[in-house]
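Shown next: target_23.txt, containing compact mmCIF, C-alpha atoms.
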```
# COMPACT_ATOMS: atom_id res chain seq x y z
CA ALA A 1 115.17 72.04 173.44
CA ALA A 2 117.93 74.64 173.33
CA GLY A 3 116.78 77.97 171.82
CA ALA A 4 113.03 77.21 172.19
CA PRO A 5 110.95 80.05 173.68
CA PRO A 6 109.51 79.48 177.18
CA ALA A 7 105.96 78.15 177.39
CA ASN A 8 104.61 81.29 179.06
CA ALA A 9 106.29 83.73 176.56
CA PHE A 10 104.01 86.46 175.10
CA ASP A 11 104.02 86.94 171.31
CA PRO A 12 102.72 90.44 170.43
CA LEU A 13 102.21 89.50 166.74
CA ALA A 14 100.27 86.27 167.33
CA ALA A 15 96.83 87.85 166.91
CA ASP A 16 97.83 89.64 163.72
CA ILE A 17 99.36 86.51 162.27
CA ARG A 18 96.20 84.48 163.01
CA GLU A 19 94.05 87.16 161.36
CA LEU A 20 96.33 87.25 158.30
CA ARG A 21 96.25 83.46 157.94
CA THR A 22 92.46 83.45 158.19
CA THR A 23 92.16 86.14 155.50
CA LEU A 24 94.54 84.35 153.15
CA GLY A 25 92.71 81.08 153.67
CA LYS A 26 89.40 82.67 152.70
CA ALA A 27 90.95 84.30 149.61
CA VAL A 28 92.33 80.95 148.43
CA ALA A 29 89.07 79.12 149.10
CA GLU A 30 86.86 81.63 147.24
CA PRO A 31 86.87 81.44 143.41
CA ALA A 32 88.57 84.34 141.60
CA ALA A 33 86.06 86.94 140.47
CA GLU A 34 86.00 87.97 136.82
CA ARG A 35 87.55 91.40 136.24
CA ALA A 36 85.65 93.68 133.93
CA PRO A 37 87.85 94.92 131.07
CA SER A 38 88.61 98.63 131.49
CA LEU A 39 90.38 99.23 128.14
CA PRO A 40 88.27 98.27 125.10
CA PHE A 41 91.24 97.86 122.74
CA GLY A 42 93.86 96.78 125.25
CA ALA A 43 97.03 98.48 126.43
CA ASP A 44 100.72 98.54 125.58
CA LYS A 45 103.47 97.13 127.77
CA TRP A 46 103.43 100.26 129.94
CA GLY A 47 99.66 100.10 130.46
CA HIS A 48 98.77 103.00 128.16
CA ASP A 49 95.37 102.86 126.45
CA ILE A 50 95.77 101.90 122.78
CA ILE A 51 92.76 103.97 121.67
CA LYS A 52 94.14 107.12 123.29
CA LYS A 53 97.57 106.45 121.78
CA THR A 54 96.02 105.98 118.33
CA ILE A 55 94.12 109.28 118.57
CA LYS A 56 97.22 111.11 119.80
CA GLY A 57 99.30 109.54 117.03
CA GLY A 58 96.71 110.72 114.50
CA GLU A 59 97.06 114.27 115.82
CA THR A 60 100.83 114.11 115.32
CA SER A 61 100.51 112.72 111.79
CA ILE A 62 97.90 115.28 110.70
CA VAL A 63 99.93 118.22 112.07
CA VAL A 64 103.10 116.97 110.38
CA GLY A 65 101.32 116.26 107.08
CA LEU A 66 99.52 119.60 106.84
CA ALA A 67 102.43 121.74 108.01
CA ALA A 68 105.01 120.00 105.80
CA ALA A 69 102.71 120.05 102.76
CA THR A 70 102.04 123.78 103.24
CA LEU A 71 105.78 124.48 103.47
CA ALA A 72 106.60 122.33 100.45
CA VAL A 73 103.86 123.86 98.27
CA GLY A 74 104.83 127.36 99.41
CA LEU A 75 108.44 126.84 98.35
CA GLY A 76 107.42 125.09 95.14
CA THR A 77 105.02 127.91 94.25
CA LEU A 78 107.60 130.60 94.92
CA PHE A 79 110.36 128.86 92.96
CA GLY A 80 108.02 127.87 90.13
CA ALA A 81 106.56 131.39 89.83
CA VAL A 82 109.99 133.05 89.66
CA SER A 83 111.39 130.43 87.30
CA GLY A 84 108.43 130.33 84.92
CA PHE A 85 107.84 134.08 84.83
CA TYR A 86 111.42 135.32 84.36
CA GLY A 87 112.84 132.45 82.30
CA GLY A 88 116.39 132.66 80.95
CA VAL A 89 119.22 132.32 83.45
CA VAL A 90 116.82 132.29 86.41
CA ASP A 91 114.91 129.39 84.89
CA ASP A 92 118.14 127.52 84.16
CA PHE A 93 119.29 127.91 87.77
CA PHE A 94 116.05 126.62 89.26
CA ASN A 95 115.94 123.75 86.76
CA TRP A 96 119.45 122.74 87.81
CA PHE A 97 118.40 122.94 91.48
CA TYR A 98 115.32 120.85 90.69
CA ASN A 99 117.38 118.20 88.87
CA VAL A 100 119.74 117.89 91.84
CA PHE A 101 116.85 117.11 94.18
CA THR A 102 115.02 114.76 91.84
CA SER A 103 118.14 112.77 90.94
CA ILE A 104 117.97 111.17 94.41
CA PRO A 105 114.92 109.05 95.37
CA SER A 106 112.72 111.01 97.74
CA ILE A 107 112.73 108.52 100.61
CA LEU A 108 116.54 108.26 100.47
CA MET A 109 116.80 112.05 100.48
CA ILE A 110 114.52 112.25 103.52
CA LEU A 111 116.42 109.55 105.42
CA THR A 112 119.77 111.15 104.57
CA VAL A 113 118.74 114.59 105.81
CA ALA A 114 117.24 113.05 108.98
CA ALA A 115 120.42 111.06 109.67
CA VAL A 116 122.62 114.13 109.16
CA LEU A 117 120.53 116.40 111.41
CA GLN A 118 120.27 113.86 114.26
CA GLN A 119 117.45 115.92 115.74
CA LYS A 120 114.12 114.42 116.74
CA GLY A 121 110.89 116.38 116.98
CA VAL A 122 107.77 117.39 115.10
CA LEU A 123 109.33 120.65 113.88
CA THR A 124 112.37 118.80 112.56
CA ILE A 125 110.19 116.34 110.61
CA VAL A 126 108.17 119.22 109.15
CA LEU A 127 111.35 120.96 107.98
CA ILE A 128 112.82 117.76 106.53
CA LEU A 129 109.68 116.88 104.57
CA GLY A 130 108.93 120.45 103.52
CA LEU A 131 112.45 121.25 102.32
CA THR A 132 112.71 118.03 100.32
CA GLY A 133 109.16 117.82 98.93
CA TRP A 134 108.85 121.06 96.92
CA THR A 135 109.91 119.55 93.57
CA GLY A 136 106.47 118.30 92.47
CA PRO A 137 104.64 121.61 93.05
CA TYR A 138 107.55 123.50 91.48
CA ARG A 139 107.29 121.57 88.21
CA LEU A 140 103.53 122.12 87.88
CA ILE A 141 103.51 125.78 88.96
CA ARG A 142 106.42 126.61 86.62
CA ALA A 143 104.51 125.14 83.66
CA GLU A 144 101.40 127.15 84.56
CA TYR A 145 103.36 130.41 84.81
CA ILE A 146 105.04 129.82 81.46
CA LYS A 147 101.59 129.32 79.93
CA HIS A 148 99.91 132.30 81.63
CA LYS A 149 102.60 134.98 81.38
CA ALA A 150 101.88 135.52 77.65
CA ARG A 151 98.09 135.81 78.00
CA GLU A 152 96.12 138.99 77.40
CA TYR A 153 95.31 139.86 81.00
CA VAL A 154 99.01 139.73 81.96
CA LEU A 155 99.95 141.88 78.97
CA ALA A 156 97.22 144.35 79.99
CA ALA A 157 98.62 144.46 83.53
CA ASP A 158 102.07 145.13 82.05
CA ALA A 159 100.62 147.95 79.93
CA ILE A 160 99.25 149.77 82.98
CA GLY A 161 102.63 149.56 84.75
CA ALA A 162 102.14 146.64 87.13
CA SER A 163 105.33 145.35 88.72
CA ALA A 164 106.68 141.87 88.10
CA TRP A 165 105.70 140.65 91.58
CA SER A 166 102.23 142.14 91.17
CA LYS A 167 101.76 140.30 87.88
CA MET A 168 103.07 137.05 89.38
CA PHE A 169 101.02 136.97 92.58
CA SER A 170 98.10 139.38 92.06
CA HIS A 171 97.19 138.45 88.49
CA ILE A 172 98.59 135.03 87.58
CA PHE A 173 98.53 133.20 90.91
CA PRO A 174 94.72 133.40 91.44
CA ASN A 175 94.35 131.59 88.11
CA VAL A 176 96.74 128.78 89.07
CA SER A 177 95.92 128.54 92.79
CA HIS A 178 93.86 125.38 92.19
CA VAL A 179 97.09 123.56 91.30
CA ALA A 180 98.67 124.59 94.61
CA LEU A 181 95.61 123.53 96.62
CA VAL A 182 95.46 120.14 94.96
CA GLN A 183 99.17 119.65 95.57
CA VAL A 184 98.70 120.38 99.28
CA SER A 185 96.02 117.69 99.57
CA ILE A 186 98.14 115.18 97.65
CA LEU A 187 101.35 115.83 99.58
CA VAL A 188 99.58 115.46 102.93
CA VAL A 189 99.07 111.77 102.16
CA GLY A 190 102.70 111.22 101.18
CA PHE A 191 104.07 113.14 104.15
CA ILE A 192 101.91 111.22 106.64
CA LYS A 193 103.37 107.98 105.31
CA ALA A 194 106.90 109.46 105.35
CA GLU A 195 106.47 110.54 109.00
CA VAL A 196 105.37 107.03 109.94
CA ILE A 197 108.41 105.56 108.19
CA LEU A 198 110.78 108.01 109.91
CA SER A 199 109.30 107.34 113.35
CA PHE A 200 109.34 103.58 112.74
CA LEU A 201 113.06 103.72 111.89
CA GLY A 202 113.87 105.92 114.88
CA PHE A 203 114.49 109.20 113.02
CA GLY A 204 111.09 110.75 113.75
CA VAL A 205 109.40 111.91 116.91
CA PRO A 206 111.19 111.73 120.29
CA VAL A 207 110.35 109.20 122.99
CA GLY A 208 107.77 111.38 124.75
CA VAL A 209 105.68 112.00 121.60
CA VAL A 210 103.17 109.42 120.36
CA SER A 211 103.15 108.61 116.66
CA TRP A 212 101.77 105.80 114.54
CA GLY A 213 105.33 105.04 113.49
CA SER A 214 106.51 104.67 117.10
CA MET A 215 103.45 102.52 117.82
CA LEU A 216 104.36 100.21 114.93
CA ASN A 217 107.93 100.08 116.20
CA GLU A 218 106.71 98.94 119.62
CA ALA A 219 104.18 96.54 118.11
CA GLN A 220 106.77 94.52 116.21
CA ASN A 221 108.18 93.25 119.51
CA GLU A 222 104.74 92.72 121.05
CA LEU A 223 103.52 90.77 118.03
CA ILE A 224 105.98 87.96 118.83
CA LEU A 225 104.18 87.53 122.16
CA GLY A 226 100.78 87.42 120.45
CA LYS A 227 99.79 90.99 121.35
CA TRP A 228 98.38 92.21 118.05
CA TRP A 229 96.06 95.04 119.10
CA GLN A 230 98.58 97.92 118.96
CA LEU A 231 99.68 96.94 115.44
CA THR A 232 96.07 96.61 114.29
CA ALA A 233 95.02 99.96 115.77
CA ALA A 234 97.91 101.95 114.26
CA ALA A 235 97.70 100.29 110.84
CA SER A 236 93.90 100.64 110.63
CA ALA A 237 93.96 104.31 111.65
CA MET A 238 96.70 105.08 109.14
CA ALA A 239 94.88 103.29 106.32
CA LEU A 240 91.63 105.12 107.15
CA LEU A 241 93.26 108.56 107.25
CA VAL A 242 95.29 108.06 104.08
CA THR A 243 92.21 106.80 102.21
CA ALA A 244 90.16 109.78 103.41
CA PHE A 245 92.79 112.29 102.29
CA SER A 246 93.19 110.53 98.95
CA LEU A 247 89.45 110.75 98.28
CA PHE A 248 89.48 114.40 99.36
CA ALA A 249 92.39 115.14 96.99
CA ASP A 250 90.53 113.54 94.07
CA ALA A 251 87.35 115.49 94.84
CA LEU A 252 89.25 118.75 95.23
CA ARG A 253 91.08 118.25 91.94
CA ASP A 254 87.80 117.58 90.13
CA ALA A 255 86.15 120.62 91.74
CA LEU A 256 88.95 123.10 91.02
CA ASP A 257 90.31 121.92 87.69
CA PRO A 258 88.67 124.09 84.99
CA LYS A 259 89.40 121.48 82.30
CA VAL A 260 87.13 118.97 84.04
CA LYS A 261 84.29 121.50 84.03
```
Represent the structure of the file as structure tokens.
Amino acid sequence: AAGAPPANAFDPLAADIRELRTTLGKAVAEPAAERAPSLPFGADKWGHDIIKKTIKGGETSIVVGLAAATLAVGLGTLFGAVSGFYGGVVDDFFNWFYNVFTSIPSILMILTVAAVLQQKGVLTIVLILGLTGWTGPYRLIRAEYIKHKAREYVLAADAIGASAWSKMFSHIFPNVSHVALVQVSILVVGFIKAEVILSFLGFGVPVGVVSWGSMLNEAQNELILGKWWQLTAAASAMALLVTAFSLFADALRDALDPKVK
């Protein structure tokens, strides 16, 4: 036939082709061996270990919660100390500032600031949560300073010539520090949940940073395909951490509150 190779033609690939066909035939004939699972809790769509992602997301949430709570309580303590100790026009100004922040629901305030900044990152989340979450500590610290500034030990410090800042932070603050510590432990819980919400909505951590919120965002698409393990891991870890911090906050409040003793 026209185009057919001659009978005595040499094919240099014939031996390799025969060996390949033999190997493929054996692979098809043998039953498929069971593969041992290498990831105990599965992987995401990119093949990343869910357990490692959950641990890394917990690190992000704890750092954000602690740093933002420390910033918020620091601002609230400073504003509350100045407002409660001086009173008058200073107190009126800080009360007006407080009313402006509390007139807007906290989650809407957080989302608004995040949308305006359009910056993603752990530091940005810490600043957003810290600069919007000082109102609760401010209210409590202000009330404590109003109560303590007229007590005998403060009047004695005034009699020996102590400055206003010395009376505020060397004499009064050690007696109200338990309020600040309890507020830190309480705000950590709220800020962890706020970080998860921000990351879930796309306003939180950038793409290269793992967070429980970003894991939940990915899991909503995987859940349609029946892949539930990423959602379960992130939700379980968040519930465990929030419960632990809530119990710690209750125990710390009972240990430091002199009225309970």
Per residue of segment 133-200 of chain A within 6 Å of segment 60-68 of chain A, note the shortest atom pair and the distance in Å to one decimal, counting only C-alpha atoms, and order the rows by chain and increasing residue number, as JSON lines.
```
{"residue": "A:Val188", "atom": "CA", "partner": "A:Gly65", "partner_atom": "CA", "distance": 4.6}
{"residue": "A:Phe191", "atom": "CA", "partner": "A:Gly65", "partner_atom": "CA", "distance": 5.1}
{"residue": "A:Ile192", "atom": "CA", "partner": "A:Gly65", "partner_atom": "CA", "distance": 5.1}
```
Selection near Val73 of chain A, 9 Å with all atoms listed in the file, sequence-local residues under 6 positions removed, as a PDB file with C-alpha atoms, in the coordinates of the input:
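Generated file (result-v8.pdb):
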```pdb
ATOM      1  CA  GLY A 130     108.930 120.450 103.520  1.00  0.00           C
ATOM      2  CA  GLY A 133     109.160 117.820  98.930  1.00  0.00           C
ATOM      3  CA  TRP A 134     108.850 121.060  96.920  1.00  0.00           C
ATOM      4  CA  THR A 135     109.910 119.550  93.570  1.00  0.00           C
ATOM      5  CA  GLY A 136     106.470 118.300  92.470  1.00  0.00           C
ATOM      6  CA  PRO A 137     104.640 121.610  93.050  1.00  0.00           C
ATOM      7  CA  TYR A 138     107.550 123.500  91.480  1.00  0.00           C
ATOM      8  CA  ALA A 180      98.670 124.590  94.610  1.00  0.00           C
ATOM      9  CA  LEU A 181      95.610 123.530  96.620  1.00  0.00           C
ATOM     10  CA  GLN A 183      99.170 119.650  95.570  1.00  0.00           C
ATOM     11  CA  VAL A 184      98.700 120.380  99.280  1.00  0.00           C
ATOM     12  CA  LEU A 187     101.350 115.830  99.580  1.00  0.00           C
TER      13      LEU A 187
END
```
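Within the 9 Å cut-off around Gly58 of chain A, using all atoms listed in the file and omitting residues fewer than 2 positions from it on the same chain, the listed residues are Lys53, Thr54, Ile55, Lys56, Thr60, Ser61, Ile62, Val63, Val210, Ser211, Trp212, Ala234, Ala237, Met238 and Leu241 of chain A.
Within 10 Å of the file-frame point (114.5, 124.0, 89.0), and using all atoms listed in the file, the polymer residues found are Gly76, Phe79, Gly80, Ser83, Gly84, Val90, Asp91, Asp92, Phe93, Phe94, Asn95, Trp96, Phe97, Tyr98, Asn99, Val100, Phe101, Thr102, Thr135, Tyr138, Arg139 and Arg142 of chain A.
The interatomic distance for the pair atom CA of Tyr153 of chain A and atom CA of Leu140 of chain A works out to 20.7 Å.
Distance-wise, atom CA of Glu222 of chain A and atom CA of Asp49 of chain A end up 14.8 Å apart.
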Next item on the list: Write out as number ranges by chain each polymer residue whose atoms come within 10 Å of Gln220 of chain A, counting only C-alpha atoms; drop sequence neighbours fewer than 6 positions from it.
Entry: A: 227-228, 230-231
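With all atoms listed in the file as the atoms that count, the residue of A:Thr112, A:Met168, A:Thr22, A:Leu225 with the shortest distance to Ala150 of chain A is A:Met168.
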Check: Between A:Val89, A:Val196, A:Ala157, A:Ile186, which one has atoms that come closest to Ile125 of chain A, using only C-alpha atoms?
Finding: A:Val196
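Residues lying within 10 Å of Gly121 of chain A, counting only C-alpha atoms and ignoring same-chain neighbours fewer than 5 positions away, are A:Val126, A:Ser199, A:Phe203, A:Gly204, A:Val205, A:Pro206, A:Val207, A:Gly208, A:Val209.
Reported to one decimal place, the separation of atom CA of Leu78 of chain A from atom CA of Ala194 of chain A is 23.6 Å.
Distance check against Ala156 of chain A using only C-alpha atoms: of A:His171, A:Leu20, A:Ala72, A:Pro12, the minimum falls on A:His171.
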Margin query: Counting only C-alpha atoms, which residues have an atom no more than 8 Å from (113.3, 117.4, 101.6) in the file's coordinates? Please list them as a ChimeraX atom specification.
Written below: /A:106,109-110,113,127-134
